[in-house]
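Undergrad: Sharing data-v4.csv here; it has CSV, C-alpha atoms.
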chain,number,residue,atom,x,y,z
T,727,MET,CA,-101.9,-63.4,-2.8
T,728,SER,CA,-99.0,-64.5,-5.0
T,729,ASN,CA,-98.7,-67.8,-6.6
T,730,GLN,CA,-101.8,-69.3,-5.0
T,731,PRO,CA,-103.2,-72.5,-6.5
T,732,TRP,CA,-106.4,-72.1,-8.5
T,733,LYS,CA,-109.5,-73.3,-6.7
T,734,ILE,CA,-111.4,-75.8,-8.9
T,735,LEU,CA,-115.1,-74.9,-9.1
T,736,GLU,CA,-116.1,-77.7,-11.6
T,737,SER,CA,-114.5,-80.3,-13.8
T,738,SER,CA,-116.0,-81.7,-17.0
T,739,TYR,CA,-114.6,-84.5,-19.1
T,740,LEU,CA,-114.5,-84.2,-23.0
T,741,ARG,CA,-112.8,-87.6,-23.3
T,742,PRO,CA,-111.8,-90.0,-20.6
T,743,LYS,CA,-108.6,-88.4,-19.0
T,744,PHE,CA,-109.1,-85.1,-20.7
T,745,ARG,CA,-111.0,-82.5,-18.6
T,746,ILE,CA,-111.9,-78.8,-18.4
T,747,ASP,CA,-111.5,-77.3,-14.9
T,748,LYS,CA,-113.6,-74.2,-14.1
T,749,CYS,CA,-111.2,-72.4,-11.7
T,750,GLU,CA,-111.3,-69.4,-9.5
T,751,LEU,CA,-107.9,-67.5,-9.5
T,752,ALA,CA,-106.5,-65.6,-6.5
T,753,ASN,CA,-107.7,-62.4,-8.2
T,754,GLY,CA,-111.3,-63.7,-8.3
T,755,LYS,CA,-111.3,-64.2,-12.1
T,756,VAL,CA,-112.7,-67.5,-13.5
T,757,PHE,CA,-110.6,-69.4,-15.9
T,758,GLU,CA,-111.2,-72.7,-17.6
T,759,PRO,CA,-108.0,-74.6,-18.4
T,760,MET,CA,-107.8,-78.0,-20.1
T,761,VAL,CA,-106.0,-80.7,-18.2
T,762,PHE,CA,-104.7,-84.0,-19.6
T,763,GLU,CA,-104.6,-86.7,-16.9
T,764,LEU,CA,-101.8,-88.8,-18.3
T,765,ASN,CA,-100.0,-91.8,-16.8
T,766,THR,CA,-96.3,-91.7,-15.9
T,767,TRP,CA,-94.0,-91.8,-18.8
T,768,ALA,CA,-90.4,-93.2,-19.0
T,769,ASN,CA,-87.6,-92.6,-21.6
T,770,ILE,CA,-84.3,-94.4,-21.8
T,771,LEU,CA,-81.0,-93.7,-23.3
T,772,ALA,CA,-79.5,-97.1,-23.8
T,773,ILE,CA,-75.8,-97.3,-24.7
T,774,THR,CA,-74.0,-100.5,-25.9
T,775,LYS,CA,-70.5,-101.5,-24.7
T,776,ASP,CA,-69.0,-99.8,-27.8
T,777,GLN,CA,-70.8,-96.5,-27.0
T,778,GLN,CA,-73.6,-96.7,-29.5
T,779,ALA,CA,-77.0,-95.2,-28.5
T,780,VAL,CA,-80.0,-97.5,-29.3
T,781,LEU,CA,-82.5,-95.2,-31.0
T,782,VAL,CA,-85.8,-95.7,-32.8
T,783,LYS,CA,-87.3,-94.1,-35.8
T,784,GLN,CA,-91.0,-93.6,-35.9
T,785,TYR,CA,-93.8,-91.6,-37.4
T,786,ARG,CA,-95.3,-88.9,-35.1
T,787,HIS,CA,-98.7,-87.8,-36.0
T,788,GLY,CA,-98.7,-84.5,-34.2
T,789,VAL,CA,-96.1,-83.1,-36.5
T,790,GLN,CA,-96.7,-85.6,-39.3
T,791,GLU,CA,-93.0,-86.5,-39.6
T,792,VAL,CA,-90.8,-89.5,-39.0
T,793,LEU,CA,-88.4,-88.7,-36.1
T,794,LEU,CA,-85.3,-90.3,-34.6
T,795,GLU,CA,-86.0,-90.8,-30.9
T,796,LEU,CA,-85.1,-92.6,-27.6
T,797,PRO,CA,-87.2,-95.7,-26.7
T,798,GLY,CA,-89.9,-95.0,-24.1
T,799,GLY,CA,-93.5,-94.8,-23.4
T,800,VAL,CA,-96.2,-95.2,-20.8
T,801,VAL,CA,-95.5,-96.8,-17.5
T,802,GLU,CA,-98.2,-99.3,-16.5
T,803,GLU,CA,-100.3,-98.8,-13.3
T,804,ASP,CA,-98.7,-101.7,-11.6
T,805,GLU,CA,-95.1,-101.0,-12.7
T,806,GLU,CA,-92.2,-99.2,-11.3
T,807,PRO,CA,-90.9,-96.5,-13.8
T,808,ILE,CA,-87.6,-98.4,-14.2
T,809,GLU,CA,-89.5,-101.6,-15.1
T,810,GLY,CA,-91.5,-99.6,-17.6
T,811,ALA,CA,-88.4,-98.2,-19.2
T,812,LYS,CA,-86.8,-101.6,-19.4
T,813,ARG,CA,-90.0,-103.1,-20.9
T,814,GLU,CA,-90.3,-100.3,-23.5
T,815,LEU,CA,-86.6,-100.7,-24.5
T,816,LEU,CA,-87.0,-104.4,-25.0
T,817,GLU,CA,-90.4,-104.1,-26.8
T,818,GLU,CA,-89.3,-101.3,-29.1
T,819,THR,CA,-85.7,-102.4,-29.9
T,820,GLY,CA,-85.0,-106.0,-28.6
T,821,TYR,CA,-82.2,-104.6,-26.4
T,822,SER,CA,-81.8,-104.9,-22.7
T,823,SER,CA,-79.4,-104.0,-19.9
T,824,ASN,CA,-78.7,-105.0,-16.3
T,825,ASN,CA,-77.1,-101.6,-15.6
T,826,ILE,CA,-79.9,-99.1,-15.6
T,827,VAL,CA,-80.0,-95.9,-13.5
T,828,GLU,CA,-82.6,-93.2,-13.0
T,829,VAL,CA,-81.0,-90.0,-14.0
T,830,GLY,CA,-83.9,-87.5,-13.6
T,831,MET,CA,-87.6,-86.9,-13.2
T,832,ILE,CA,-89.3,-84.0,-15.0
T,833,TYR,CA,-92.8,-82.7,-15.9
T,834,PRO,CA,-93.5,-83.1,-19.6
T,835,ASN,CA,-95.9,-80.1,-19.5
T,836,PRO,CA,-96.8,-78.9,-16.1
T,837,ALA,CA,-99.2,-76.3,-17.5
T,838,PHE,CA,-101.8,-78.8,-18.9
T,839,GLN,CA,-100.5,-82.3,-18.2
T,840,THR,CA,-100.6,-84.0,-14.8
T,841,ASN,CA,-97.9,-86.6,-15.4
T,842,ARG,CA,-94.2,-87.1,-14.7
T,843,LEU,CA,-91.5,-88.4,-17.0
T,844,PHE,CA,-88.7,-90.5,-15.6
T,845,CYS,CA,-85.4,-90.5,-17.4
T,846,PHE,CA,-83.1,-93.5,-17.4
T,847,LEU,CA,-79.6,-94.3,-18.6
T,848,ALA,CA,-78.7,-97.9,-19.5
T,849,LEU,CA,-75.1,-98.9,-19.9
T,850,ASP,CA,-73.8,-102.1,-21.6
T,851,ALA,CA,-77.0,-102.6,-23.5
T,852,GLU,CA,-77.2,-105.8,-25.6
T,853,GLU,CA,-79.5,-107.2,-28.2
T,854,VAL,CA,-81.4,-110.0,-26.4
T,855,GLY,CA,-84.6,-110.5,-28.4
T,856,PHE,CA,-86.9,-109.2,-31.0
T,857,GLN,CA,-89.2,-106.2,-31.2
T,858,ASN,CA,-92.8,-106.7,-29.9
T,859,LEU,CA,-94.8,-103.7,-31.0
T,860,ASP,CA,-98.3,-102.3,-30.4
T,861,GLU,CA,-100.6,-102.3,-33.4
T,862,SER,CA,-100.2,-98.5,-33.9
T,863,GLU,CA,-96.4,-98.8,-33.7
T,864,ASP,CA,-94.1,-99.1,-36.7
T,865,ILE,CA,-90.6,-98.6,-35.3
T,866,GLU,CA,-87.1,-99.0,-36.9
T,867,VAL,CA,-84.1,-99.5,-34.6
T,868,GLN,CA,-81.0,-97.4,-35.4
T,869,LEU,CA,-77.6,-97.4,-33.6
T,870,VAL,CA,-75.9,-94.0,-33.4
T,871,PRO,CA,-72.6,-93.4,-31.6
T,872,LEU,CA,-73.4,-91.4,-28.4
T,873,ASP,CA,-71.0,-88.6,-29.5
T,874,GLU,CA,-72.9,-88.3,-32.8
T,875,LEU,CA,-76.2,-88.2,-31.0
T,876,VAL,CA,-74.9,-85.3,-28.9
T,877,ALA,CA,-73.6,-83.6,-32.0
T,878,MET,CA,-77.0,-84.2,-33.8
T,879,THR,CA,-78.9,-82.7,-30.9
T,880,LYS,CA,-76.7,-79.6,-31.0
T,881,ARG,CA,-77.2,-79.3,-34.8
T,882,GLY,CA,-81.0,-79.6,-34.4
T,883,GLU,CA,-81.4,-83.1,-35.8
T,884,PHE,CA,-82.8,-84.7,-32.6
T,885,LEU,CA,-86.0,-82.8,-32.1
T,886,HIS,CA,-88.2,-84.3,-29.5
T,887,ALA,CA,-88.0,-81.8,-26.6
T,888,LEU,CA,-88.8,-84.4,-23.8
T,889,GLN,CA,-85.9,-86.5,-25.1
T,890,VAL,CA,-83.5,-83.6,-25.3
T,891,ALA,CA,-84.3,-83.1,-21.7
T,892,THR,CA,-83.7,-86.8,-21.0
T,893,LEU,CA,-80.3,-86.5,-22.8
T,894,PHE,CA,-79.5,-83.5,-20.6
T,895,HIS,CA,-79.9,-85.7,-17.5
T,896,ALA,CA,-78.0,-88.6,-18.9
T,897,LEU,CA,-75.1,-86.4,-20.0
T,898,ALA,CA,-75.1,-84.7,-16.5
T,899,HIS,CA,-74.9,-88.2,-15.0
T,900,LEU,CA,-71.9,-88.9,-17.3
T,901,ASN,CA,-70.3,-85.6,-16.2
T,902,ARG,CA,-70.5,-84.1,-19.7
T,903,ILE,CA,-72.3,-80.9,-18.7
T,904,ASN,CA,-70.5,-78.2,-16.7
W,538,MET,CA,-94.3,-100.2,-45.5
W,539,SER,CA,-92.1,-98.9,-42.7
W,540,ASN,CA,-92.7,-95.5,-41.1
W,541,GLN,CA,-95.4,-94.4,-43.5
W,542,PRO,CA,-97.5,-91.4,-42.5
W,543,TRP,CA,-101.0,-92.2,-41.3
W,544,LYS,CA,-103.7,-91.3,-43.8
W,545,ILE,CA,-106.3,-89.1,-42.1
W,546,LEU,CA,-109.9,-90.3,-42.9
W,547,GLU,CA,-111.8,-87.8,-40.8
W,548,SER,CA,-111.1,-85.0,-38.3
W,549,SER,CA,-113.5,-83.8,-35.6
W,550,TYR,CA,-113.0,-80.9,-33.2
W,551,LEU,CA,-113.8,-81.2,-29.5
W,552,ARG,CA,-112.7,-77.7,-28.7
W,553,PRO,CA,-111.2,-75.2,-31.2
W,554,LYS,CA,-107.7,-76.3,-32.0
W,555,PHE,CA,-108.2,-79.8,-30.4
W,556,ARG,CA,-109.2,-82.5,-32.8
W,557,ILE,CA,-109.5,-86.2,-33.2
W,558,ASP,CA,-108.2,-87.7,-36.5
W,559,LYS,CA,-109.6,-90.9,-37.7
W,560,CYS,CA,-106.4,-92.4,-39.3
W,561,GLU,CA,-105.7,-95.5,-41.4
W,562,LEU,CA,-102.2,-96.9,-40.6
W,563,ALA,CA,-99.9,-98.6,-43.1
W,564,ASN,CA,-101.1,-102.0,-41.7
W,565,GLY,CA,-104.7,-101.1,-42.5
W,566,LYS,CA,-105.7,-100.6,-38.9
W,567,VAL,CA,-107.8,-97.6,-38.0
W,568,PHE,CA,-106.6,-95.5,-35.1
W,569,GLU,CA,-108.1,-92.2,-33.6
W,570,PRO,CA,-105.3,-90.0,-32.2
W,571,MET,CA,-105.9,-86.7,-30.5
W,572,VAL,CA,-104.1,-83.7,-31.9
W,573,PHE,CA,-103.6,-80.3,-30.3
W,574,GLU,CA,-103.1,-77.5,-32.9
W,575,LEU,CA,-101.0,-75.2,-30.9
W,576,ASN,CA,-99.2,-72.0,-31.9
W,577,THR,CA,-95.4,-71.7,-31.9
W,578,TRP,CA,-93.9,-71.3,-28.4
W,579,ALA,CA,-90.7,-69.5,-27.4
W,580,ASN,CA,-88.6,-69.9,-24.2
W,581,ILE,CA,-85.7,-67.7,-23.2
W,582,LEU,CA,-82.7,-68.1,-20.9
W,583,ALA,CA,-81.8,-64.5,-20.1
W,584,ILE,CA,-78.5,-63.9,-18.3
W,585,THR,CA,-77.4,-60.6,-16.7
W,586,LYS,CA,-73.9,-59.1,-17.0
W,587,ASP,CA,-73.1,-60.7,-13.6
W,588,GLN,CA,-74.2,-64.2,-14.8
W,589,GLN,CA,-77.6,-64.3,-13.1
W,590,ALA,CA,-80.4,-66.1,-14.9
W,591,VAL,CA,-83.7,-64.2,-14.9
W,592,LEU,CA,-86.3,-66.8,-13.8
W,593,VAL,CA,-90.0,-66.8,-13.0
W,594,LYS,CA,-92.0,-68.6,-10.3
W,595,GLN,CA,-95.6,-69.4,-11.2
W,596,TYR,CA,-98.4,-71.8,-10.5
W,597,ARG,CA,-98.9,-74.6,-13.0
W,598,HIS,CA,-102.4,-76.1,-13.0
W,599,GLY,CA,-101.5,-79.4,-14.7
W,600,VAL,CA,-99.4,-80.5,-11.8
W,601,GLN,CA,-101.0,-78.0,-9.3
W,602,GLU,CA,-97.6,-76.8,-8.1
W,603,VAL,CA,-95.6,-73.5,-8.1
W,604,LEU,CA,-92.5,-74.0,-10.3
W,605,LEU,CA,-89.4,-72.1,-11.0
W,606,GLU,CA,-89.2,-71.6,-14.8
W,607,LEU,CA,-87.7,-69.7,-17.8
W,608,PRO,CA,-89.8,-66.8,-19.2
W,609,GLY,CA,-91.6,-67.8,-22.4
W,610,GLY,CA,-95.0,-68.3,-24.0
W,611,VAL,CA,-97.0,-68.3,-27.2
W,612,VAL,CA,-95.6,-66.5,-30.2
W,613,GLU,CA,-98.3,-64.3,-31.9
W,614,GLU,CA,-99.4,-65.0,-35.4
W,615,ASP,CA,-97.7,-61.9,-36.8
W,616,GLU,CA,-94.5,-62.2,-34.8
W,617,GLU,CA,-91.1,-63.7,-35.4
W,618,PRO,CA,-90.2,-66.2,-32.6
W,619,ILE,CA,-87.3,-64.0,-31.4
W,620,GLU,CA,-89.8,-61.0,-31.1
W,621,GLY,CA,-92.2,-63.2,-29.1
W,622,ALA,CA,-89.4,-64.4,-26.8
W,623,LYS,CA,-88.3,-60.7,-26.2
W,624,ARG,CA,-91.9,-59.6,-25.6
W,625,GLU,CA,-92.5,-62.5,-23.1
W,626,LEU,CA,-89.2,-61.7,-21.3
W,627,LEU,CA,-90.2,-58.1,-20.9
W,628,GLU,CA,-93.9,-58.8,-20.0
W,629,GLU,CA,-93.1,-61.5,-17.4
W,630,THR,CA,-89.9,-60.0,-15.9
W,631,GLY,CA,-89.4,-56.3,-16.9
W,632,TYR,CA,-86.0,-57.4,-18.3
W,633,SER,CA,-84.7,-57.0,-21.9
W,634,SER,CA,-81.5,-57.6,-23.9
W,635,ASN,CA,-80.1,-56.4,-27.2
W,636,ASN,CA,-78.0,-59.6,-27.5
W,637,ILE,CA,-80.4,-62.5,-28.2
W,638,VAL,CA,-79.6,-65.6,-30.2
W,639,GLU,CA,-81.7,-68.5,-31.3
W,640,VAL,CA,-80.0,-71.6,-29.9
W,641,GLY,CA,-82.4,-74.4,-30.9
W,642,MET,CA,-85.8,-75.4,-32.3
W,643,ILE,CA,-87.6,-78.5,-30.8
W,644,TYR,CA,-91.0,-80.2,-30.9
W,645,PRO,CA,-92.7,-79.9,-27.4
W,646,ASN,CA,-94.6,-83.2,-28.1
W,647,PRO,CA,-94.5,-84.5,-31.7
W,648,ALA,CA,-96.9,-87.3,-30.8
W,649,PHE,CA,-100.0,-85.1,-30.2
W,650,GLN,CA,-99.0,-81.5,-30.6
W,651,THR,CA,-98.4,-79.7,-33.9
W,652,ASN,CA,-96.3,-76.9,-32.7
W,653,ARG,CA,-92.6,-75.9,-32.4
W,654,LEU,CA,-90.7,-74.4,-29.5
W,655,PHE,CA,-87.9,-72.0,-30.3
W,656,CYS,CA,-85.2,-71.7,-27.7
W,657,PHE,CA,-83.3,-68.4,-27.1
W,658,LEU,CA,-80.3,-67.2,-25.1
W,659,ALA,CA,-80.1,-63.6,-24.1
W,660,LEU,CA,-76.9,-62.1,-22.7
W,661,ASP,CA,-76.3,-58.8,-20.9
W,662,ALA,CA,-80.0,-58.7,-19.9
W,663,GLU,CA,-81.1,-55.6,-17.9
W,664,GLU,CA,-84.1,-54.5,-16.0
W,665,VAL,CA,-85.8,-51.9,-18.2
W,666,GLY,CA,-89.4,-51.8,-17.1
W,667,PHE,CA,-92.2,-53.5,-15.2
W,668,GLN,CA,-94.1,-56.7,-15.5
W,669,ASN,CA,-97.2,-56.6,-17.7
W,670,LEU,CA,-99.2,-59.8,-17.1
W,671,ASP,CA,-102.2,-61.5,-18.5
W,672,GLU,CA,-105.1,-61.8,-16.2
W,673,SER,CA,-104.4,-65.5,-15.6
W,674,GLU,CA,-100.8,-64.9,-14.8
W,675,ASP,CA,-99.3,-64.3,-11.3
W,676,ILE,CA,-95.6,-64.4,-11.7
W,677,GLU,CA,-92.7,-63.7,-9.3
W,678,VAL,CA,-89.3,-62.8,-10.8
W,679,GLN,CA,-86.3,-64.5,-9.3
W,680,LEU,CA,-82.6,-64.1,-10.2
W,681,VAL,CA,-80.5,-67.3,-9.8
W,682,PRO,CA,-76.8,-67.6,-10.7
W,683,LEU,CA,-76.5,-69.5,-14.0
W,684,ASP,CA,-74.1,-72.1,-12.3
W,685,GLU,CA,-76.7,-72.6,-9.6
W,686,LEU,CA,-79.5,-73.1,-12.2
W,687,VAL,CA,-77.4,-75.8,-13.9
W,688,ALA,CA,-76.8,-77.4,-10.5
W,689,MET,CA,-80.5,-77.2,-9.6
W,690,THR,CA,-81.4,-78.8,-12.8
W,691,LYS,CA,-78.9,-81.7,-12.2
W,692,ARG,CA,-80.4,-82.1,-8.7
W,693,GLY,CA,-84.0,-82.2,-10.0
W,694,GLU,CA,-85.1,-78.8,-8.8
W,695,PHE,CA,-85.8,-77.3,-12.2
W,696,LEU,CA,-88.6,-79.6,-13.5
W,697,HIS,CA,-90.2,-78.3,-16.6
W,698,ALA,CA,-89.0,-80.7,-19.3
W,699,LEU,CA,-89.3,-78.2,-22.2
W,700,GLN,CA,-87.2,-75.8,-20.3
W,701,VAL,CA,-84.6,-78.4,-19.4
W,702,ALA,CA,-84.4,-78.9,-23.2
W,703,THR,CA,-84.0,-75.2,-23.7
W,704,LEU,CA,-81.2,-75.1,-21.1
W,705,PHE,CA,-79.5,-78.0,-23.0
W,706,HIS,CA,-79.4,-75.8,-26.2
W,707,ALA,CA,-78.3,-72.7,-24.3
W,708,LEU,CA,-75.4,-74.6,-22.6
W,709,ALA,CA,-74.4,-76.2,-25.9
W,710,HIS,CA,-74.2,-72.7,-27.4
W,711,LEU,CA,-72.0,-71.7,-24.4
W,712,ASN,CA,-69.8,-74.8,-25.0
W,713,ARG,CA,-70.7,-76.3,-21.6
W,714,ILE,CA,-71.8,-79.7,-23.0
W,715,ASN,CA,-69.3,-82.2,-24.4
Just dump the structure as structure tokens.

TA:
Amino acid sequence: MSNQPWKILESSYLRPKFRIDKCELANGKVFEPMVFELNTWANILAITKDQQAVLVKQYRHGVQEVLLELPGGVVEEDEEPIEGAKRELLEETGYSSNNIVEVGMIYPNPAFQTNRLFCFLALDAEEVGFQNLDESEDIEVQLVPLDELVAMTKRGEFLHALQVATLFHALAHLNRIN
Amino acid sequence: MSNQPWKILESSYLRPKFRIDKCELANGKVFEPMVFELNTWANILAITKDQQAVLVKQYRHGVQEVLLELPGGVVEEDEEPIEGAKRELLEETGYSSNNIVEVGMIYPNPAFQTNRLFCFLALDAEEVGFQNLDESEDIEVQLVPLDELVAMTKRGEFLHALQVATLFHALAHLNRIN
């Protein structure tokens, strides 16, 4: 009986991609969880030759604060995650790299989101163009030494949980976690 | 003009705690983001005297998979986050500790969630009771050596992003991240 998937009895959509499932649990109880059907996401820690992380500052409406973050966003349907990460990096910052590796895949919120987040590390990133933003985006590029980004995260000044998780995987790849 | 908070023109609720804000952006465009008003969450990495992490296995309906996770959950309105973490640890695993420290605070998803996640590290955790689960919970306790949990995370076998972020802060506290 343990850890059995819930049996979905009914689904109804409140908004496209946002549904309520009527589920029957292994113990026979009926439960109606919300599920967000979200596309794949990608985040990227891009580092320049002189060990500066390419970060973005933007307003986040959930917490109504301006936060310092990694570039990233939604991967398009016809894109590989690495191409999405590269595109978001270029669009949000004007930077690019020919040395990008996938360092991890994680679930942003497996309780009520369906999607996956791919984490990338770009080395030798260079400024090659200009920002190209969506109309709801208002993003400021900021270079921060990688060591300072790690110190800021430890001090609680880099607050986006999904990006702290991305930083974990990038630092693990760089053998900085033991 | 840069990074100005959006001005909320209207809010409408689809479900209690789940609203759509009609917003005016700094550029004059109108945008209607969804916002989840969620309570504070707490996660806890509890380690026994012999360096075993106290983990839980449970079904997650968003991704429809059984995952290995840290204990944690919603902090009650009248609770301090540390009390919530201690309560969730006891309810989900039967373990407790008198040596709990807050190692970080992060935003689970600042784009569309309002809430904060507090991260705790418990040392010298001991089994003191039995599980006491909600009716939608079906949780199996599993002890994993802390070093193996870190290795599993690096290998992509510990997948909940918010808990990878919690592990970051716990390992930083233990001076295992440089």

Undergrad: In Å to one decimal, how far is CA of Val870 in chain T from CA of Thr690 in chain W?

TA: 26.2 Å

Undergrad: Any idea which chain W residues end up within 7 Å of chain T if we count only C-alpha atoms, as a ChimeraX atom specification please?

TA: /W:539-542,572,595-601,603,641-651,675-676,691,693,696-699,701-702,705-706,709,713-715

Undergrad: Hey, which of T:Val827, T:Leu735, T:Val780, T:Ala768 ends up closest to Glu814 in chain T? Count only C-alpha atoms.

TA: T:Ala768

Undergrad: Pick the closest to Phe657 in chain W from W:Ile637, W:Val678, W:Met689, W:Ile584: which is it, counting all atoms listed in the file?

TA: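 Closest candidate: W:Ile637.
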
Undergrad: Do you have the CA of Asn824 in chain T-CA of Asn765 in chain T distance handy?

TA: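 Computed distance, CA of Asn824 in chain T to CA of Asn765 in chain T, equals 25.1 Å.
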
Undergrad: For CA of Leu869 in chain T and CA of Leu781 in chain T, determine how far apart the two atoms are, in Å to one decimal place.

TA: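 These two atoms are separated by 6.0 Å.
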
Undergrad: Leaving out Glu806 in chain T and any residue of its chain fewer than 5 positions from it, which residues lie within 10 Å of it when counting all atoms listed in the file, given as an MDAnalysis selection string?

TA: chainID T and resid 766 768 801 811

Undergrad: I'd like the contact shell of Pro608 in chain W - 7 Å cut-off, all atoms listed in the file, skipping same-chain residues fewer than 4 positions apart - returned as a short mmCIF file (atom, residue, chain, number, x, y, z; two decimals) with C-alpha atoms, in the coordinates of the input.

TA:
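The file below, part30.cif, is the result:
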data_model
loop_
_atom_site.label_atom_id
_atom_site.label_comp_id
_atom_site.auth_asym_id
_atom_site.auth_seq_id
_atom_site.Cartn_x
_atom_site.Cartn_y
_atom_site.Cartn_z
CA ASN W 580 -88.60 -69.90 -24.20
CA ILE W 581 -85.70 -67.70 -23.20
CA LEU W 592 -86.30 -66.80 -13.80
CA VAL W 593 -90.00 -66.80 -13.00
CA GLU W 625 -92.50 -62.50 -23.10
CA LEU W 626 -89.20 -61.70 -21.30
CA GLU W 629 -93.10 -61.50 -17.40
#

Undergrad: Hey, which of W:Ala662, W:Phe655, W:Leu582, W:Ser549 ends up closest to Tyr632 in chain W? Count all atoms listed in the file.

TA: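 When distances to Tyr632 in chain W are compared using all atoms listed in the file, the smallest one comes from W:Ala662.
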